[in-house]
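Below: one structure, written as structure tokens.
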Amino acid sequence: MTIPWRAHGAARIAAGLGERDGWPSELPEVAREALARADVSAEEAHVAWELARMTPGLEAEDRRALEALFLLVSEALARGSTRVGIAELAERAGLVLGDRALGARVEERLRAGAFDAMVGPGRPLVVEDGFVCSERVRAVEEALARRIAARLRDGVVVDASEALARVLERPATGPRGPVVLTDEQRRAVEVALGSPVSIVSGGPGTGKTSIVVTLLRAALQRGDVDPAAIALAAPTGKAADRMRGAIESALLAIEDPLDSDRALLDALPRPRTIHRLLGWSPSQRRFRHHETSPLSERLVVLDEGSMIDVFLMERVVASLGAGARLVLLGDAEQLPSVAAGAVFRDLADHVPTVRLTQSHRVDPSRPEGSHILDVAAGVNAGEVRPMSGPGAFLHDVDARGRRAFLRSWLERVRPDDLARRTFTRVDTVWDAPALLGGLFDHAERHALLCVTRHGWRPTSVEAVNLWMHQQFAGEARWVAGEPVLVTRNDYDRGLFNGDRGMLLWVAAAADATPRLSAVFRREDRFVAHPLEAVRGLLELAWATTVHKAQGSEHDEVALLLPEQDHPRLLTREVIYTAITRARRVVHVVGDPIALGRAVRRRVERSTGIGERLRP
């Protein structure tokens, strides 16, 4: 039988050959728009179309229902859920496909076994405990839960109290004197040292870096590992870079270090992205380390755990060698991973976990710090507390007022005239590193955050960046002094998704022609790449999404609420994450009603990890 070329829509789109506007022609416009907003691709829609038509023995209406089922499972995955409830199918079909009656038919025919050719063990979809999910996702969740359960069952729990006591006798020294761990921080170190798998969850400034440093010191003091047997990693290059700087600074602040402390500082493992730790090969689309080729490290510490999706977490656990310990750090109240799952939050209910409650970033004795903490606590409780200063401000503005706020924000963040000078760099030596540092310090004190990234709406990242650029640079395409953001990893250049830099004129010698370059700060040095070499990796960064801001902290933060409601994006976790990026001042700009609605709305992700780990 000859299959019409239209049945190969997904392959044609992937090859760049197109298929009209990309979507199957039978799909109603309302469904196309809803699926696109949910980040379901046209290729996935064609796969659903093709699979439904490959299924033998179906009448036209049943083929349409099966196609809808595939689309609803894809839409749930795009929302971050790993499954969709059978009882929800009618409602989801009404919301996503604009056809509740079709959803009711999907449920009825699914229960009647009409789709058994595509639903069941070893088939594309699986029904389990009243939910339907893809077989691939179910297998990943099952493997992760099985591996975690095995480590908790077979791992050896050890007593680390003696080594920890020796380490705590020689604390690091901070601006206010010796850094003394609180009872909850000490408990976190004990759990992490003694458990095969553990989680330390706490908001910004709750002392997770102090816990990691103490954990590493005590592990070496106990003699379980040497520095070469420690792996430090994070989901992004920015987070990994920040992790190394924080750990090094804390180790250097120990006035009377132990011999093991000196050994740790001398051979401190460089934090890497998780993909680098596992040896990701872009060409082969696979990791070098896995269950039959495990990591050699005996202690693996991962930061920003809430950003890790279920697929990557399964690969991490699969790569651990026998007897290795895994410590996950993060904030269970923050936004979950961009990709599917809420694995950090799920695991925190089933593995040894310490939840930190005391913030050390903002000083609660200062009015502004205390106010930010109170507002953030209110958000976590599902309520909007007063935001009229000194640390948090709610700006109830219309479109004109929002533009006025953005103009005032631009005046605060605008770099001074030093950004227009030419900086000379010979090899790795810069002519004015202090001036460079001052420019970056100024830029990093502020963060303008948006909920949505794409679109013409004036509160999206793209629209705000365009407006700020026009105010700052006019019609020019790229201008010195503008902030930029790396949008994808470039391992050869050492640039990672989420890295923030600045456009500056850079010359290779005093008499050389300067070139507009993207400059990035790396711990105690700066690196520069000619703009023409990295242009495809960059976008303007006057504003970024809240997701991109995870793990960062700034003196002053502004959050722009979208004009229209976005139930999937505008949630309590987004508001909490944005507010807790601020050390001194946070501004929420937009409709108070929209803010209240967001704070009452949790990120809803349906996953199967909890059930699989439950005894």
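In the structure tokens, the first chain shown is A, the next is B, and so on; residue numbers restart at 1 for each chain, and ligands run from 1 in the order shown.
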
Which residues of region 259-354 of chain A have any atom within 12 Å of an atom in region 476-500 of chain A when counting only C-alpha atoms, and what is the closest pair of atoms for each, with the distance in Å to one decimal? Order the rows by chain and rising number and write it as CSV.
residue,atom,partner,partner_atom,distance
A:Arg272,CA,A:Phe496,CA,10.6
A:Thr273,CA,A:Phe496,CA,8.9
A:Ile274,CA,A:Phe496,CA,12.0
A:His275,CA,A:Asn489,CA,10.4
A:Arg276,CA,A:Tyr491,CA,9.0
A:Gly279,CA,A:Tyr491,CA,11.8
A:Trp280,CA,A:Tyr491,CA,10.9
A:Ser281,CA,A:Tyr491,CA,11.1
A:Pro282,CA,A:Tyr491,CA,10.7

Any idea what's packed within 10 Å of Val464 (chain A), counting only C-alpha atoms, ignoring anything in its chain fewer than 5 positions away? Could you give it as a PyMOL selection string?
-> chain A and resi 403+406+448-450+453+456-459+469-470+540-544+560

Keeping only C-alpha atoms, write the selected residues to a file as a PDB file, in the first residue's frame.
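The result, written out as again04.pdb:
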ATOM      1  CA  ARG A 403       6.531  52.188  30.737  1.00  0.00           C
ATOM      2  CA  LEU A 406      10.773  50.645  32.913  1.00  0.00           C
ATOM      3  CA  LEU A 448      14.370  42.497  35.674  1.00  0.00           C
ATOM      4  CA  LEU A 449      12.277  39.331  35.440  1.00  0.00           C
ATOM      5  CA  CYS A 450       9.335  38.354  33.242  1.00  0.00           C
ATOM      6  CA  ARG A 453       9.457  34.690  27.105  1.00  0.00           C
ATOM      7  CA  TRP A 456       4.337  40.555  21.201  1.00  0.00           C
ATOM      8  CA  ARG A 457       2.760  41.288  24.593  1.00  0.00           C
ATOM      9  CA  PRO A 458       4.685  44.183  26.237  1.00  0.00           C
ATOM     10  CA  THR A 459       5.522  42.136  29.351  1.00  0.00           C
ATOM     11  CA  HIS A 469      17.394  48.200  23.579  1.00  0.00           C
ATOM     12  CA  GLN A 470      15.645  50.897  21.546  1.00  0.00           C
ATOM     13  CA  LEU A 540      19.880  40.643  24.911  1.00  0.00           C
ATOM     14  CA  ALA A 541      19.421  40.337  28.668  1.00  0.00           C
ATOM     15  CA  TRP A 542      17.946  43.589  29.943  1.00  0.00           C
ATOM     16  CA  ALA A 543      15.221  41.203  31.116  1.00  0.00           C
ATOM     17  CA  THR A 544      15.147  37.435  31.579  1.00  0.00           C
ATOM     18  CA  LEU A 560       6.745  42.203  35.547  1.00  0.00           C
TER      19      LEU A 560
END

Tell me which protein, DNA and RNA residues are within 10 Å of Arg535 (chain A), counting only C-alpha atoms, leaving out same-chain ones fewer than 2 positions away, and put them as a PyMOL selection string.
-> chain A and resi 478+486+517-518+529-533+537-539

May I have the residues within 8 Å of Val603 (chain A) as an MDAnalysis selection string, using only C-alpha atoms and disregarding those fewer than 6 positions away in the same chain?
-> chainID A and resid 335 568 571:573

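Using only C-alpha atoms for every distance, the candidate list A:Val351, A:Ala188, A:Glu33, A:Gly94 yields A:Val351 as the residue closest to Pro615 (chain A).
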
Write out as an NGL selection string all residues of region 95-206 of chain A that DSSP puts in strand (DSSP E) for this structure's backbone.
-> :A and (125-128 or 131-134 or 173-174 or 177-178 or 197-202)

Near-region 314-323 of chain A list (9 Å; only C-alpha atoms; drop same-chain fewer than 2 positions) as a ChimeraX atom specification = /A:140-141,143-145,147-148,151,154-156,196,274,278,287,289-298,300,309-312,325-326

If you count only C-alpha atoms, which residues fall within 12 Å of Cys133 (chain A), apart from same-chain ones fewer than 6 positions away, as a ChimeraX atom specification?
-> /A:69-77,81-86,118-121,123-127,139-141,606-608

8 Å contact set for Pro235 (chain A), only C-alpha atoms, chain neighbours under 2 positions out, as number ranges by chain | A: 233, 237, 239-240, 273-275, 303-305, 307-308

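For the choices A:Gly330, A:Ser25, A:Ala31, A:Leu164, the atom-to-atom distance to Trp49 (chain A) is smallest for A:Ser25 when using only C-alpha atoms.
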
Determine which residues of region 323-537 of chain A DSSP labels as helix (DSSP H, G or I) from the backbone of this structure, then write them out as a ChimeraX atom specification.
-> /A:343-348,367-380,399-413,417-420,433-444,461-473,531-537

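For the pair CA of Asn465 (chain A) and CA of Arg400 (chain A), the interatomic distance is 17.3 Å.
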
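Counting from CA of Glu44 (chain A), the distance to CA of Leu66 (chain A) is 13.8 Å.
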
Between A:Arg583, A:Arg605, A:Arg244, A:Arg286, single out the one closest to Leu373 (chain A), counting only C-alpha atoms.
-> A:Arg583

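A straight line drawn from CA of His547 (chain A) to CA of Asn380 (chain A) is 17.6 Å long.
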